[in-house]
Amino acid sequence: MTTLRAGWVITQRDLAHWVRQPWAPIFGLLFSIMLLLVFGFLFGGAISVPGGGDYISFLLPGMLALSMMFGVEATATAMANDARKGITDRFRSMPIGSASVALGRVGADMANSAVELLVLILGGLLIGWRISSDPASAALAVLLLLLLRFAVLWIGIFLGLTFRGEGATMAVQVLVWPIGFLSTAIVSAETMPGWLGAIAAWNPLSATASATRQLFGNPTGITEGPLVDGAVWLAVGWPLLLTAVFVPLSARAYRRLRN
Amino acid sequence: MLTNHTLTADGLRKRYGDVHALDGFDLSVPPGVIHGLLGPNGAGKTTAVMALATLIDVDGGSASVAGFDVRTQAHQVRRRIGLVGQHAAVDEILGGRQNLVMFGRLYGLNSADARVRADQLLDAFGLTDAATRAVSTYSGGMRRRLDIAAGLILTPAVLFLDEPTTGLDPRGRNEVWAAVRRIADRGTTVLLTTQYLDEADQLAARISVMNHGRIIASGTPDALKRQVGGDRVSVTVPLREPLASIAQRMSAAVGAPPAIDADTRTITFEVGTGVVAIAEIVRALDELGVTPEDLMLRRPTLDEVFLTLTDKEVAR
């Protein structure tokens with residue numbers, strides 16, 4: 001209980017940052033919207049979706065999944081900054097549960113990402129994307145997106161606690177791009193060379209992107225492979241697996257601060 | 001309580017690779033005093049503070065704070081300490097009051113109590129006017145004071161201050177010194193690490209000198225200074241004057257051997273009481289008809305304290 005309460009206090013600290021410096025989250029949102037416009041209109045005309053369908057309808061769920069995955073960078077940076085500036089040490093010298101610091105991060109980043117999802121969904125509706133399924137499926141799609149965010153949050157906490165230098169933060173910022181592009185988030189894996197397409201299809205990001213497309217009733221760009229029937233299950237399984245791996249790794253990294 | 005000391009460490013050991021950061025670190029500090037932990041960079045001061053403040057696991061030895069074991073009763077220790085580390089560990093985006101309210105709530109106060117406590121501390125540290133401003137706009141001294149205030153929310157039994165004035169200008173340093181004195185006056189034990197003998201001298205009732213992970217000397221500032229000899233008097237002689245004979249004449253006057261630096265034309269004596277020696281030297285110079293370019297009285301520097309103590313350690 002005290003751990004949860006302390007976690008909430010630390011979450012509120014981040015929420016107070018939004019009020020103090022609204023430009024930081026707003027620039028993050030503008031960046032996501034810019035990506036959506038660049039791919040939707042600049043490159044979109046040249047991209048065809050296997051199995052048919054309009055590219056904007058294909059792209060938007062992919063962009064939602066991509067923005068959840070990119071959240072790893074914000075999480076890792078925030079954790080590393082607090083560790084570097086001694087704020088994590090101050091928290092550790094206080095009579096609060098050892099999970100409080102991570103829980104505070106989870107609360108703040110999930111709130112941030114929920115707002116980001118909402119803005120991107122509204123933005124998508126403005127440029128012609130439509131949900132062509134029932135509300136329950138659409139709600140499940142949003143939950144799967146947040147589940148992916150939750151999973152990469154723990155990757156970010158682990159990376160932020162383990163690699164505290166500024167160089168490591170830069171590495172994460174660069175590495176999310178190839179991982180993001182080597183998926184079905186922006187283009188269908190079926191347009192890639194066979195081996196590359198196979199890797200992309202097994203990217204956890206692809207599972208969430210494809211499952212979200214199916215649940216929103218959007219074109220999936222998939223005509224064969226494990227994602228045809230299994231996307232939703234994979235979109236549940238991958239994040240749970242990542243969480244199961246990175247929660248203990250994060251806990252270990254936090255304990256190793258004591259070394 | 002098992003002991004009448006607020007802070008004890010007994011043979012603490014901590015190794016990082018080949019470096020023995022703590023190598024049999026012993027310390028005992030009675031309640032309500034400021035204890036200075038003096039040593040150069042890399043002596044292990046920060047590691048000692050981190051171990052006593054329950055932030056790192058040690059490889060051996062034991063320590064207690066306010067009667068609780070730092071290894072087995074870390075949670076009880078954390079309720080009774082404040083830690084002010086080398087970085088001003090406050091949130092730069094938030095205001096001063098927001099920081100203190102947040103830390104207060106983390107120490108278990110409810111929102112109303114946390115606000116009351118925050119306002120008391122802002123007032124005590126002269127930050128009321130800046131309470132709502134973002135901490136990023138604070139001066140170094142203000143930031144440090146906020147940092148220290150955050151360590152005092154529960155009025156801790158022990159406050160750890162790790163090099164609290166490093167990087168501050170003289171005004172900021174004086175502000176922090178005044179704050180530290182007030183804290184000790186109210187009964188909190190302060191363990192202060194510093195690289196500056198001057199700072200330990202100004203603030204601490206007792207000083208422990210640390211090197212290579214252990215304490216090599218302990219005592220009151222005066223006792224330590226006596227151990228390394230007294231004040232230093234330096235005389236800089238004009239270019240045309242004969243350095244050696246002047247040195248000899250002054251040496252006879254003060255009764256101490258001269259240390260001559262021919263490049264800067266400076267003669268230095270280690271003397272008991274500086275003001276007495278200065279009078280002797282001025283008289284001697286007067287008799288010789290020499291007008292010095294510079295005449296300086298100073299305390300032993302940390303380098304000198306340190307070199308003397310480590311020489312003794314080697315000789316033992």
# chains A, B, ... in the order shown; residues from 1 in each chain; ligands from 1
>>> residues_around(residues="Thr132 in chain B", least_positions_apart="4", cutoff="10 Å", atoms="only C-alpha atoms", output="list in words")
Leu94, Gly95, Gly96, Arg97, Gln98, Asn99, Leu127 and Thr128 of chain B
>>> residues_around(residues="range 237-251 of chain A", least_positions_apart="2", cutoff="7 Å", atoms="only C-alpha atoms", output="list in words")
Leu147, Leu148, Ala151, Trp154, Ile155, Ile157, Phe158, Pro204, Trp233, Leu234, Ala235, Ala253, Tyr254 and Arg255 of chain A
>>> interface_residues(of="chain A", to="chain B", cutoff="8 Å", atoms="only C-alpha atoms", output="PyMOL selection string")
chain A and resi 6+9-10+13+16-17+20-21+85-87+89-90+92-96+257-259
>>> write_last_selection(atoms="N, CA and C atoms", output="PDB file, in the first residue's frame")
ATOM      1  N   ALA A   6       3.509   5.731  -2.712  1.00  0.00           N
ATOM      2  CA  ALA A   6       4.747   6.409  -3.105  1.00  0.00           C
ATOM      3  C   ALA A   6       4.871   6.447  -4.623  1.00  0.00           C
ATOM      4  N   VAL A   9       2.780   9.210  -5.878  1.00  0.00           N
ATOM      5  CA  VAL A   9       3.408  10.525  -5.663  1.00  0.00           C
ATOM      6  C   VAL A   9       4.450  10.790  -6.749  1.00  0.00           C
ATOM      7  N   ILE A  10       5.221   9.752  -7.098  1.00  0.00           N
ATOM      8  CA  ILE A  10       6.259   9.927  -8.126  1.00  0.00           C
ATOM      9  C   ILE A  10       5.622  10.120  -9.506  1.00  0.00           C
ATOM     10  N   ARG A  13       4.571  13.658  -9.891  1.00  0.00           N
ATOM     11  CA  ARG A  13       5.700  14.540 -10.199  1.00  0.00           C
ATOM     12  C   ARG A  13       5.798  14.729 -11.715  1.00  0.00           C
ATOM     13  N   ALA A  16       3.008  16.820 -13.043  1.00  0.00           N
ATOM     14  CA  ALA A  16       3.262  18.237 -12.771  1.00  0.00           C
ATOM     15  C   ALA A  16       4.242  18.818 -13.797  1.00  0.00           C
ATOM     16  N   HIS A  17       5.142  17.985 -14.328  1.00  0.00           N
ATOM     17  CA  HIS A  17       6.054  18.456 -15.381  1.00  0.00           C
ATOM     18  C   HIS A  17       5.264  18.933 -16.605  1.00  0.00           C
ATOM     19  N   ARG A  20       4.096  22.342 -15.972  1.00  0.00           N
ATOM     20  CA  ARG A  20       5.203  23.309 -15.941  1.00  0.00           C
ATOM     21  C   ARG A  20       5.806  23.517 -17.319  1.00  0.00           C
ATOM     22  N   GLN A  21       5.959  22.413 -18.053  1.00  0.00           N
ATOM     23  CA  GLN A  21       6.617  22.480 -19.368  1.00  0.00           C
ATOM     24  C   GLN A  21       5.782  21.768 -20.408  1.00  0.00           C
ATOM     25  N   LYS A  85      21.254  12.346 -12.114  1.00  0.00           N
ATOM     26  CA  LYS A  85      21.152  13.574 -11.319  1.00  0.00           C
ATOM     27  C   LYS A  85      21.029  13.310  -9.830  1.00  0.00           C
ATOM     28  N   GLY A  86      21.093  12.050  -9.416  1.00  0.00           N
ATOM     29  CA  GLY A  86      21.056  11.751  -7.988  1.00  0.00           C
ATOM     30  C   GLY A  86      19.646  11.667  -7.419  1.00  0.00           C
ATOM     31  N   ILE A  87      18.626  11.866  -8.254  1.00  0.00           N
ATOM     32  CA  ILE A  87      17.249  11.838  -7.739  1.00  0.00           C
ATOM     33  C   ILE A  87      16.869  10.403  -7.362  1.00  0.00           C
ATOM     34  N   ASP A  89      18.922   8.187  -6.216  1.00  0.00           N
ATOM     35  CA  ASP A  89      19.575   7.939  -4.918  1.00  0.00           C
ATOM     36  C   ASP A  89      18.784   8.569  -3.777  1.00  0.00           C
ATOM     37  N   ARG A  90      18.262   9.761  -4.022  1.00  0.00           N
ATOM     38  CA  ARG A  90      17.446  10.388  -2.975  1.00  0.00           C
ATOM     39  C   ARG A  90      16.224   9.511  -2.680  1.00  0.00           C
ATOM     40  N   ARG A  92      16.013   6.405  -3.080  1.00  0.00           N
ATOM     41  CA  ARG A  92      16.461   5.167  -2.428  1.00  0.00           C
ATOM     42  C   ARG A  92      16.824   5.385  -0.968  1.00  0.00           C
ATOM     43  N   SER A  93      17.126   6.649  -0.597  1.00  0.00           N
ATOM     44  CA  SER A  93      17.459   6.907   0.805  1.00  0.00           C
ATOM     45  C   SER A  93      16.201   7.139   1.641  1.00  0.00           C
ATOM     46  N   MET A  94      15.028   7.069   1.003  1.00  0.00           N
ATOM     47  CA  MET A  94      13.776   7.357   1.709  1.00  0.00           C
ATOM     48  C   MET A  94      13.077   6.067   2.113  1.00  0.00           C
ATOM     49  N   PRO A  95      12.222   6.163   3.161  1.00  0.00           N
ATOM     50  CA  PRO A  95      11.530   4.960   3.628  1.00  0.00           C
ATOM     51  C   PRO A  95      10.345   4.596   2.728  1.00  0.00           C
ATOM     52  N   ILE A  96      10.623   4.249   1.472  1.00  0.00           N
ATOM     53  CA  ILE A  96       9.551   3.834   0.558  1.00  0.00           C
ATOM     54  C   ILE A  96       9.926   2.482  -0.026  1.00  0.00           C
ATOM     55  N   LEU A 257      22.104  -1.266  -8.227  1.00  0.00           N
ATOM     56  CA  LEU A 257      22.540   0.078  -7.836  1.00  0.00           C
ATOM     57  C   LEU A 257      23.220   0.016  -6.475  1.00  0.00           C
ATOM     58  N   ARG A 258      22.928  -1.053  -5.707  1.00  0.00           N
ATOM     59  CA  ARG A 258      23.527  -1.192  -4.374  1.00  0.00           C
ATOM     60  C   ARG A 258      24.958  -1.700  -4.443  1.00  0.00           C
ATOM     61  N   ASN A 259      25.416  -2.098  -5.634  1.00  0.00           N
ATOM     62  CA  ASN A 259      26.779  -2.655  -5.725  1.00  0.00           C
ATOM     63  C   ASN A 259      27.831  -1.567  -5.611  1.00  0.00           C
TER      64      ASN A 259
END
>>> closest_residue(among="B:Ile267, B:Ala118, B:Ala244, B:Leu191", to="Leu152 in chain B", atoms="only C-alpha atoms")
B:Ala118
>>> residues_around(residues="Leu144 in chain A", least_positions_apart="3", cutoff="10 Å", atoms="only C-alpha atoms", output="PyMOL selection string")
chain A and resi 65+138-141+147-150+207-209+211-212+215+232+235-236+239
>>> write_last_selection(atoms="N, CA and C atoms", output="compact mmCIF listing (two decimals), in the first residue's frame")
# COMPACT_ATOMS: atom_id res chain seq x y z
N ALA A 65 0.85 1.65 -33.10
CA ALA A 65 1.74 0.66 -32.49
C ALA A 65 3.17 1.19 -32.42
N ALA A 138 -12.80 -2.42 -31.03
CA ALA A 138 -11.97 -1.21 -31.04
C ALA A 138 -11.34 -1.00 -29.66
N ALA A 139 -12.14 -1.23 -28.60
CA ALA A 139 -11.61 -1.07 -27.25
C ALA A 139 -10.49 -2.06 -26.98
N LEU A 140 -10.68 -3.29 -27.48
CA LEU A 140 -9.64 -4.31 -27.30
C LEU A 140 -8.36 -3.89 -28.04
N ALA A 141 -8.54 -3.29 -29.21
CA ALA A 141 -7.37 -2.81 -29.97
C ALA A 141 -6.58 -1.79 -29.14
N LEU A 147 -0.97 -2.39 -23.87
CA LEU A 147 -0.22 -3.54 -23.36
C LEU A 147 1.21 -3.54 -23.93
N LEU A 148 1.31 -3.19 -25.23
CA LEU A 148 2.65 -3.10 -25.83
C LEU A 148 3.46 -2.00 -25.15
N ARG A 149 2.79 -0.86 -24.89
CA ARG A 149 3.48 0.23 -24.21
C ARG A 149 3.97 -0.21 -22.83
N PHE A 150 3.11 -0.96 -22.13
CA PHE A 150 3.47 -1.45 -20.79
C PHE A 150 4.71 -2.34 -20.87
N ALA A 207 2.97 -7.91 -34.50
CA ALA A 207 1.82 -8.59 -33.92
C ALA A 207 0.79 -7.56 -33.46
N THR A 208 1.26 -6.53 -32.74
CA THR A 208 0.33 -5.51 -32.25
C THR A 208 -0.27 -4.72 -33.41
N ALA A 209 0.58 -4.35 -34.39
CA ALA A 209 0.07 -3.58 -35.53
C ALA A 209 -1.00 -4.38 -36.28
N ALA A 211 -2.79 -7.05 -35.22
CA ALA A 211 -3.96 -7.32 -34.41
C ALA A 211 -4.84 -6.07 -34.33
N THR A 212 -4.20 -4.91 -34.20
CA THR A 212 -4.95 -3.66 -34.10
C THR A 212 -5.72 -3.40 -35.40
N LEU A 215 -8.71 -5.67 -35.48
CA LEU A 215 -9.75 -5.30 -34.51
C LEU A 215 -10.45 -4.00 -34.89
N VAL A 232 -3.88 -11.50 -32.88
CA VAL A 232 -4.36 -11.03 -31.58
C VAL A 232 -3.65 -11.80 -30.46
N ALA A 235 -0.24 -10.61 -30.18
CA ALA A 235 -0.21 -9.26 -29.61
C ALA A 235 -0.45 -9.28 -28.10
N VAL A 236 -1.01 -10.39 -27.60
CA VAL A 236 -1.11 -10.57 -26.15
C VAL A 236 0.16 -11.24 -25.63
N PRO A 239 3.92 -9.09 -25.67
CA PRO A 239 4.13 -8.14 -24.56
C PRO A 239 4.22 -8.85 -23.21
>>> atom_distance(atom1="CA of Leu161 in chain B", atom2="CA of Thr194 in chain B")
8.8 Å
>>> residues_around(residues="Met210 in chain B", least_positions_apart="2", cutoff="8 Å", atoms="only C-alpha atoms", output="PyMOL selection string")
chain B and resi 37-40+43-45+208+212-217
>>> write_last_selection(atoms="C-alpha atoms", output="compact mmCIF listing (two decimals), in the first residue's frame")
# COMPACT_ATOMS: atom_id res chain seq x y z
CA LEU B 37 35.12 13.61 6.93
CA LEU B 38 38.09 15.08 5.15
CA GLY B 39 40.02 13.58 2.29
CA PRO B 40 41.08 13.98 -1.33
CA ALA B 43 39.61 8.60 -0.66
CA GLY B 44 36.28 6.79 -0.26
CA LYS B 45 34.24 9.56 1.38
CA SER B 208 38.40 12.43 10.56
CA HIS B 212 42.52 4.83 0.73
CA GLY B 213 39.24 3.81 2.32
CA ARG B 214 40.12 4.24 5.96
CA ILE B 215 40.48 6.88 8.65
CA ILE B 216 44.11 7.85 9.15
CA ALA B 217 43.63 10.50 11.83
>>> atom_distance(atom1="CA of Leu125 in chain A", atom2="CA of Leu60 in chain A")
9.4 Å
>>> atom_distance(atom1="CA of Gly128 in chain A", atom2="CA of Ile33 in chain A")
14.0 Å
>>> closest_residue(among="A:Val49, A:Val172, A:Ile222, A:Ala231", to="Ala76 in chain A", atoms="only C-alpha atoms")
A:Val172
>>> residues_around(residues="Ala114 in chain A", least_positions_apart="4", cutoff="8 Å", atoms="only C-alpha atoms", output="ChimeraX atom specification")
/A:110,118,146
>>> closest_residue(among="B:Thr155, B:Thr47, B:Thr236, B:Thr220", to="Ala204 in chain B", atoms="only C-alpha atoms")
B:Thr220
>>> select_by_dssp(residues="range 112-235 of chain B", states="strand (DSSP E or B)", output="PyMOL selection string")
chain B and resi 134+158-162+189-194+206-211+214-219+232-235
>>> residues_around(residues="Ile131 in chain A", least_positions_apart="6", cutoff="8 Å", atoms="only C-alpha atoms", output="list in words")
Ala138, Phe216, Gly217 and Asn218 of chain A
